[in-house]
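Enquirer: Below: one structure in C-alpha cells.
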Amino acid sequence: SGGNWGYDAHNGPEQWHKTYPIASGNAQSPIDIKSNEAKTDGSLKSLSINYSPGSIKSIVNIGHSFHVVSDDKENASVVKGGPLQGTYHLNQFHFHWGPSNDFGSEHTVNGKGYAAELHLVHWNSDKYASFAEATKNPDGCAVLTVFLEVGSAHPGLQKVVEALGHIKTKDQQAAFTNFDAASLLPASLDYWTYFGSLTHPPLLECVTWVIFREPIKASADQINKFRTLLSGGEQQCPIVKNNRPPQPLNGREVKASF
Ligand SMILES: CCCCNCc1ccc(S(N)(=O)=O)cc1
Ligand SMILES: [Zn+2]
C-alpha cells in the first residue's frame, strides 16, 4: 500500500527502490536539463492551456506536501497541443521545495536548482477511466512545470499561501475555489519536454513532462510559508523538503519548443 516513504534519510529517495523497484527504472524523473543538448523541435505545436477558475475546489495537506485539487470530471481545465496527443485534464497542482531557497526544485537546468517547483498534474481522461489507470500508461499523464525563483511576491500565489493556514496538519483540507491556475504560468510558454515518471512513489513512468524555461518570481516569505505545513504523525514536524534529486537520463532526448 502507500507505505511510509518520505524524504528523510531513513525513508527518502535513496531508500525508495527497496519498496518501489521502478525507482531504478530507465525513465525516472526529475532530471537535470542540459540546455545545449536539448534539440529544438520545430514540429512541436504550441501548448493550448485552458484553465477555468470554477474547476478548482479544495486544498489539502497530504503530509509530505499539499495539493490544490481540481474537479477533473468537467471539461473545464485542460491542456492540449505541444507534445501531447489528445486532451489532458487538470487533476491537481502542488509544489516542491527544500529547507532553504537556494535549492528546492526537483528538475535542475545546467545543474542549477531553483527555490521551488510547481507541478500542474493532468491526465488523459478521454482515454482512461481514472487517474490511477492513467498512471499505468506511458501516455497517461502530463505535468506542466514552473520554476519559482526568489523575487517580488507573486499575487496569484498569495491566495494559495493564505489558504495554508487552514491546512496546517496532515489530512486537513479546506475549500479553495475560484482560483485561476493560469495566474501561476510565466509570460513565455517556451518549454522543454521529455518522457519520465512521477517524482515520488509509486514513481510510475507515465508522464510527459513540459517544463517552462521562464521561472515565476515568489517572495522568500511566500516560499517560507510552505515550510510551516506540518507533516502529521505523532511529532508534528514541519515539511521542510520534498524534492527528489535528478535521476539518470539513460539516453532519453529532451526537446525544446524554442
Ligand atoms: C495511482 C495513484 C498515484 C498517486 N500519485 C500521484 C502523483 C502525482 C504527481 C506526482 S509529480 N510530483 O510527479 O507531479 C507524483 C505523484
Ligand atoms: Zn510534483
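Order determines the names: the first chain of the C-alpha cells is A, the second B, and so forth; residues in each chain are numbered 1 upward, and ligands are numbered 1 upward as they are shown.
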Do you know which residues are within 6 Å of ligand 1 using only C-alpha atoms and all ligand atoms? Can you write them as a ChimeraX atom specification?
Expert: /A:119,121,132,135,198-200
Enquirer: Keeping N, CA, C and O atoms for every residue in the selection just given, could you write it to a file as an mmCIF file, in the first residue's frame?
Expert:
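As a result, result_34.cif now contains:
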data_model
loop_
_atom_site.group_PDB
_atom_site.id
_atom_site.type_symbol
_atom_site.label_atom_id
_atom_site.label_comp_id
_atom_site.auth_asym_id
_atom_site.auth_seq_id
_atom_site.Cartn_x
_atom_site.Cartn_y
_atom_site.Cartn_z
ATOM 1 N N HIS A 119 4.121 21.889 -9.946
ATOM 2 C CA HIS A 119 3.677 20.825 -10.845
ATOM 3 C C HIS A 119 2.173 20.911 -11.035
ATOM 4 O O HIS A 119 1.410 20.781 -10.063
ATOM 5 N N VAL A 121 -0.642 18.872 -12.552
ATOM 6 C CA VAL A 121 -0.752 17.455 -12.909
ATOM 7 C C VAL A 121 -2.046 17.197 -13.690
ATOM 8 O O VAL A 121 -3.135 17.508 -13.211
ATOM 9 N N ALA A 132 -5.683 6.833 -11.587
ATOM 10 C CA ALA A 132 -4.884 5.649 -11.241
ATOM 11 C C ALA A 132 -4.615 4.792 -12.484
ATOM 12 O O ALA A 132 -3.492 4.341 -12.711
ATOM 13 N N THR A 135 -2.076 6.369 -14.753
ATOM 14 C CA THR A 135 -0.671 6.276 -14.312
ATOM 15 C C THR A 135 -0.021 4.953 -14.709
ATOM 16 O O THR A 135 1.175 4.787 -14.562
ATOM 17 N N LEU A 198 6.448 9.850 -12.374
ATOM 18 C CA LEU A 198 6.062 10.559 -11.160
ATOM 19 C C LEU A 198 7.322 10.698 -10.311
ATOM 20 O O LEU A 198 8.183 9.795 -10.332
ATOM 21 N N THR A 199 7.487 11.790 -9.584
ATOM 22 C CA THR A 199 8.755 12.022 -8.868
ATOM 23 C C THR A 199 8.745 11.528 -7.429
ATOM 24 O O THR A 199 9.704 11.752 -6.688
ATOM 25 N N HIS A 200 7.655 10.896 -7.010
ATOM 26 C CA HIS A 200 7.693 10.162 -5.736
ATOM 27 C C HIS A 200 6.828 8.921 -5.893
ATOM 28 O O HIS A 200 6.098 8.794 -6.879
#
Enquirer: Please, which residues of stretch 61-186 of chain A, numbered as in this document, come out strand (DSSP E) from DSSP, as a PyMOL selection string?
Expert: chain A and resi 61+66-70+78-81+88-97+108-109+116-123+141-150+173-175
Enquirer: Please list as a ChimeraX atom specification every residue within 8 Å of A:Pro138, counting only C-alpha atoms and excluding residues in the same chain fewer than 6 positions away.
Expert: /A:205-208
Enquirer: Pick from A:Trp209, A:Tyr51, A:Tyr88, A:Tyr20: nearest to ligand 2, with only C-alpha atoms and all ligand atoms counted?
Expert: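 For ligand 2, the nearest of the given residues is A:Trp209.
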Enquirer: Using only C-alpha atoms and all ligand atoms, which protein or nucleic acid residues are at most 10 Å from ligand 2, as a ChimeraX atom specification?
Expert: /A:29-30,65,67,92-97,105-106,117-121,143-145,198-200,242-244
Enquirer: Here is a test: counting only C-alpha atoms, which residue of A:Leu90, A:Ala256, A:Ala129, A:Ile211 is nearest to A:His107?
Expert: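 Of A:Leu90, A:Ala256, A:Ala129, A:Ile211, the one nearest A:His107, counting only C-alpha atoms, is A:Ile211.
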Enquirer: Taking into account only C-alpha atoms, which residue in the set A:Gln85, A:Ser35, A:Ser219, A:Asn61 is nearest to A:Ser231?
Expert: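 Ranked by minimum distance to A:Ser231, first place goes to A:Asn61.
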Enquirer: Skip A:Leu185 itself and residues of its chain fewer than 6 positions away, then list as a list in words all residues within 9 Å of it, counting only C-alpha atoms.
Expert: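 My reading of the contact set: Thr145, Val146, Phe212, Pro215 and Ile216 of chain A.
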Enquirer: Could you take the residues named above and write them with all heavy atoms, as a short mmCIF file (atom, residue, chain, number, x, y, z; two decimals), in the first residue's frame?
Expert:
data_model
loop_
_atom_site.label_atom_id
_atom_site.label_comp_id
_atom_site.auth_asym_id
_atom_site.auth_seq_id
_atom_site.Cartn_x
_atom_site.Cartn_y
_atom_site.Cartn_z
N THR A 145 5.32 22.22 -15.62
CA THR A 145 6.24 22.53 -14.53
C THR A 145 6.75 23.96 -14.62
O THR A 145 7.20 24.37 -15.70
CB THR A 145 7.44 21.56 -14.61
OG1 THR A 145 6.95 20.23 -14.50
CG2 THR A 145 8.45 21.83 -13.53
N VAL A 146 6.64 24.71 -13.53
CA VAL A 146 7.12 26.10 -13.50
C VAL A 146 8.11 26.23 -12.34
O VAL A 146 7.82 25.83 -11.20
CB VAL A 146 5.96 27.09 -13.28
CG1 VAL A 146 6.46 28.52 -13.34
CG2 VAL A 146 4.85 26.87 -14.33
N PHE A 212 8.59 24.78 -18.32
CA PHE A 212 8.73 26.13 -18.87
C PHE A 212 10.11 26.68 -18.55
O PHE A 212 10.60 26.54 -17.42
CB PHE A 212 7.62 27.04 -18.34
CG PHE A 212 6.26 26.61 -18.80
CD1 PHE A 212 5.32 26.10 -17.91
CD2 PHE A 212 5.93 26.65 -20.16
CE1 PHE A 212 4.08 25.67 -18.34
CE2 PHE A 212 4.69 26.23 -20.60
CZ PHE A 212 3.76 25.73 -19.69
N PRO A 215 11.13 31.13 -15.26
CA PRO A 215 10.59 30.94 -13.91
C PRO A 215 9.61 32.06 -13.57
O PRO A 215 9.59 33.11 -14.22
CB PRO A 215 11.83 31.03 -13.02
CG PRO A 215 12.81 31.84 -13.77
CD PRO A 215 12.52 31.63 -15.23
N ILE A 216 8.78 31.81 -12.55
CA ILE A 216 7.99 32.92 -11.98
C ILE A 216 8.70 33.34 -10.69
O ILE A 216 9.50 32.59 -10.14
CB ILE A 216 6.53 32.50 -11.68
CG1 ILE A 216 6.47 31.34 -10.69
CG2 ILE A 216 5.79 32.18 -12.98
CD1 ILE A 216 5.07 31.05 -10.15
#
Enquirer: Report as JSON lines the residues of stretch 189-255 of chain A within 12 Å of stretch 42-46 of chain A, each with its shortest atom pair and distance in Å (one decimal), using only C-alpha atoms, ordered by chain and increasing residue number.
Expert:
{"residue": "A:Leu189", "atom": "CA", "partner": "A:Ser46", "partner_atom": "CA", "distance": 8.2}
{"residue": "A:Asp190", "atom": "CA", "partner": "A:Ser46", "partner_atom": "CA", "distance": 8.6}
{"residue": "A:Tyr191", "atom": "CA", "partner": "A:Ser46", "partner_atom": "CA", "distance": 9.5}
{"residue": "A:Trp192", "atom": "CA", "partner": "A:Leu44", "partner_atom": "CA", "distance": 10.3}
{"residue": "A:Thr193", "atom": "CA", "partner": "A:Leu44", "partner_atom": "CA", "distance": 9.7}
{"residue": "A:Val210", "atom": "CA", "partner": "A:Ser46", "partner_atom": "CA", "distance": 11.5}
{"residue": "A:Lys255", "atom": "CA", "partner": "A:Leu44", "partner_atom": "CA", "distance": 8.7}
Enquirer: Between atom CA of A:Asn50 and atom CA of A:Asn178, what is the spacing in Å?
Expert: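 That distance, rounded to one decimal, is 14.4 Å.
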Enquirer: What is the atom CA of A:Glu74 to atom CA of A:Ala175 distance in Å?
Expert: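 So the two atoms, atom CA of A:Glu74 and atom CA of A:Ala175, lie 18.1 Å apart.
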Enquirer: List the neighbours of stretch 152-156 of chain A out to 10 Å using only C-alpha atoms; skip same-chain residues closer than 4 positions along the sequence, and give me the result as a count of residues only.
Expert: 18
Enquirer: If you run DSSP on this backbone, which residues of stretch 64-246 of chain A come out as alpha helix (DSSP H), and could you give them as number ranges by chain?
Expert: A: 131-134, 155-163, 220-226
Enquirer: Pick out the residues sitting within 8 Å of A:Ala23, and hand them over as a list in words; count only C-alpha atoms, and ignore anything fewer than 6 positions along from it in its own chain.
Expert: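 Those residues are Trp16, His17 and Leu203 of chain A.
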